[in-house]
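As structure tokens, the structure follows; a few thoughts come after it.
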Amino acid sequence: FSLDDKGIRVVGGIPVGLPKPTLPPVPMTELAALVIPAVGIAVVAFSDNALTARTFAARKGETIDANAELRALGVCNLTTGVTQGFPVSSSGSRTALGDTVGSRTQLYSLVMLATVLLVMLAGRDLLENFPMAALGALVVYAALRLIDVAEFRRLARFRRSELI
């Protein structure tokens, strides 16, 4: 049976196979108009990436290398650019889920990459029928894991204006 037939929204159709690397067909005249939005996206993406990394590193008493984060973000965005993807930033929800299941190294990201590739190549039917509500619930759960109530309390004690 199909959940979609029962009135439950599902992910829906997913393109077949992996994307083919190509340069985007952007005329040179439009490149100048894209520079400022691209810089804005890069600043927001890096800020999100650095803040997420610092948040999770601080919980474990670790530090991050912001330059390494920037290099990784650059490589990811160059790769997604030639595969017609979306701009890349950190995934707070994926990071929170990884933290929840006890990931401690980059092996978690490699396992997730292999899982995504497997689903793209062999699990499309399963994912196409995955309820949107369940997908949303995963994101909400992960987002809630990003909230540090103790830090809000500390801010309230330190300076109420900072809390607000």
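Every chain in the structure tokens has a letter given in the order shown (A, B, ...), and although residue numbers restart at 1 in each chain, ligands are simply numbered from 1 in the order shown.
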
With a cut-off of 9 Å, could you pull out the residues of region 3-43 of chain A touching region 77-81 of chain A and give me the nearest pair of atoms for each, distance in Å to one decimal, using only C-alpha atoms, ordered by chain and ascending number, as CSV?
```
residue,atom,partner,partner_atom,distance
A:Pro21,CA,A:Thr79,CA,8.4
A:Thr22,CA,A:Gly81,CA,8.6
A:Leu23,CA,A:Gly81,CA,7.6
A:Pro24,CA,A:Gly81,CA,7.4
```

Those same residues, written as a CSV table (one decimal), in the first residue's frame with C-alpha atoms?
```csv
chain,number,residue,atom,x,y,z
A,21,PRO,CA,30.1,16.5,-12.8
A,22,THR,CA,29.7,19.5,-15.1
A,23,LEU,CA,30.4,23.2,-14.9
A,24,PRO,CA,27.1,25.2,-14.4
```

Q: Would you list the contacts of Lys20 (chain A) as a PyMOL selection string, taking every protein, DNA or RNA residue within 9 Å and counting only C-alpha atoms, but skipping same-chain residues closer than 2 positions in sequence?
A: chain A and resi 18+22+82-84

(Q) I'd like the neighbourhood of region 119-122 of chain A as a list in words, where a residue qualifies if any of its atoms comes within 12 Å (using only C-alpha atoms), though same-chain residues fewer than 2 positions away should be ignored. (A) Gly13, Ile14, Pro15, Val16, Gly17, Leu18, Pro19, Met112, Leu113, Ala114, Thr115, Val116, Leu117, Arg124, Asp125, Leu126, Leu127 and Glu128 of chain A

Q) So which bits of region 33-102 of chain A end up alpha helix (DSSP H) when you DSSP the backbone, as a VMD selection string? A) chain A and resid 33 to 59 66 to 82 92 to 100

Q.
Need to verify the contact set: Ala143 (chain A), 9 Å, only C-alpha atoms, exclusion of same-chain residues closer than 6 positions in sequence. Can you return it as JSON, numbers by chain?
A. {"A": [92, 93, 96]}

Restricting it to all heavy atoms, dump the selection as a PDB file, in the first residue's frame.
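Output saved as out-v8.pdb:
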```pdb
ATOM      1  N   GLY A  92      23.502  20.966  11.453  1.00  0.00           N
ATOM      2  CA  GLY A  92      23.318  20.868  12.900  1.00  0.00           C
ATOM      3  C   GLY A  92      22.524  19.640  13.276  1.00  0.00           C
ATOM      4  O   GLY A  92      22.824  18.959  14.263  1.00  0.00           O
ATOM      5  N   SER A  93      21.508  19.322  12.460  1.00  0.00           N
ATOM      6  CA  SER A  93      20.676  18.159  12.782  1.00  0.00           C
ATOM      7  C   SER A  93      21.464  16.863  12.622  1.00  0.00           C
ATOM      8  O   SER A  93      21.383  15.973  13.465  1.00  0.00           O
ATOM      9  CB  SER A  93      19.418  18.138  11.917  1.00  0.00           C
ATOM     10  OG  SER A  93      19.750  18.139  10.540  1.00  0.00           O
ATOM     11  N   ALA A  96      23.918  16.646  15.482  1.00  0.00           N
ATOM     12  CA  ALA A  96      23.241  16.273  16.732  1.00  0.00           C
ATOM     13  C   ALA A  96      22.891  14.793  16.741  1.00  0.00           C
ATOM     14  O   ALA A  96      23.047  14.120  17.766  1.00  0.00           O
ATOM     15  CB  ALA A  96      21.984  17.113  16.913  1.00  0.00           C
TER      16      ALA A  96
END
```

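By chain and then residue number, the residues within 10 Å of Leu51 (chain A) are Ala45, Phe46, Phe56, Ala57, Ala66, Ser90 and Gly92 of chain A, counting only C-alpha atoms and disregarding those fewer than 5 positions away in sequence.
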
Please produce a file of the residues just selected, as an mmCIF file, in the first residue's frame, where the atoms kept are N, CA and C atoms.
```cif
data_model
loop_
_atom_site.group_PDB
_atom_site.id
_atom_site.type_symbol
_atom_site.label_atom_id
_atom_site.label_comp_id
_atom_site.auth_asym_id
_atom_site.auth_seq_id
_atom_site.Cartn_x
_atom_site.Cartn_y
_atom_site.Cartn_z
ATOM 1 N N ALA A 45 27.393 30.305 5.664
ATOM 2 C CA ALA A 45 27.737 28.884 5.753
ATOM 3 C C ALA A 45 28.913 28.663 6.693
ATOM 4 N N PHE A 46 29.955 29.499 6.573
ATOM 5 C CA PHE A 46 31.113 29.329 7.441
ATOM 6 C C PHE A 46 30.749 29.626 8.896
ATOM 7 N N PHE A 56 29.565 21.755 19.690
ATOM 8 C CA PHE A 56 29.755 20.343 20.012
ATOM 9 C C PHE A 56 31.146 20.079 20.585
ATOM 10 N N ALA A 57 32.145 20.828 20.137
ATOM 11 C CA ALA A 57 33.491 20.659 20.693
ATOM 12 C C ALA A 57 33.516 21.112 22.154
ATOM 13 N N ALA A 66 39.506 26.391 12.927
ATOM 14 C CA ALA A 66 38.616 27.124 12.020
ATOM 15 C C ALA A 66 39.143 27.106 10.588
ATOM 16 N N SER A 90 27.274 23.352 7.533
ATOM 17 C CA SER A 90 27.203 22.256 8.497
ATOM 18 C C SER A 90 25.749 21.831 8.625
ATOM 19 N N GLY A 92 23.502 20.966 11.453
ATOM 20 C CA GLY A 92 23.318 20.868 12.900
ATOM 21 C C GLY A 92 22.524 19.640 13.276
#
```

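CA of Ala142 (chain A) lies 5.9 Å from CA of Leu97 (chain A).
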
Q. Which neighbours of Glu151 (chain A) fall inside 12 Å, counting only C-alpha atoms, when residues of the same chain fewer than 3 positions from it are skipped, and could you give them as an NGL selection string?
A. :A and (55 or 58-59 or 146-148 or 154-159 or 162-163)

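The coordinates place CA of Lys60 (chain A) at 22.6 Å from CA of Val139 (chain A).
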
Q: Enter the distance from CA of Val88 (chain A) to CA of Leu34 (chain A), in Å, rounded to one decimal.
A: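 Interatomic distance, CA of Val88 (chain A) to CA of Leu34 (chain A): 16.5 Å.
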
(Q) Let me make sure I understand: among A:Asn129, A:Gln106, A:Asn67, A:Ser89, which one has the smallest atom-to-atom distance to Val43 (chain A) if we use only C-alpha atoms? (A) A:Ser89
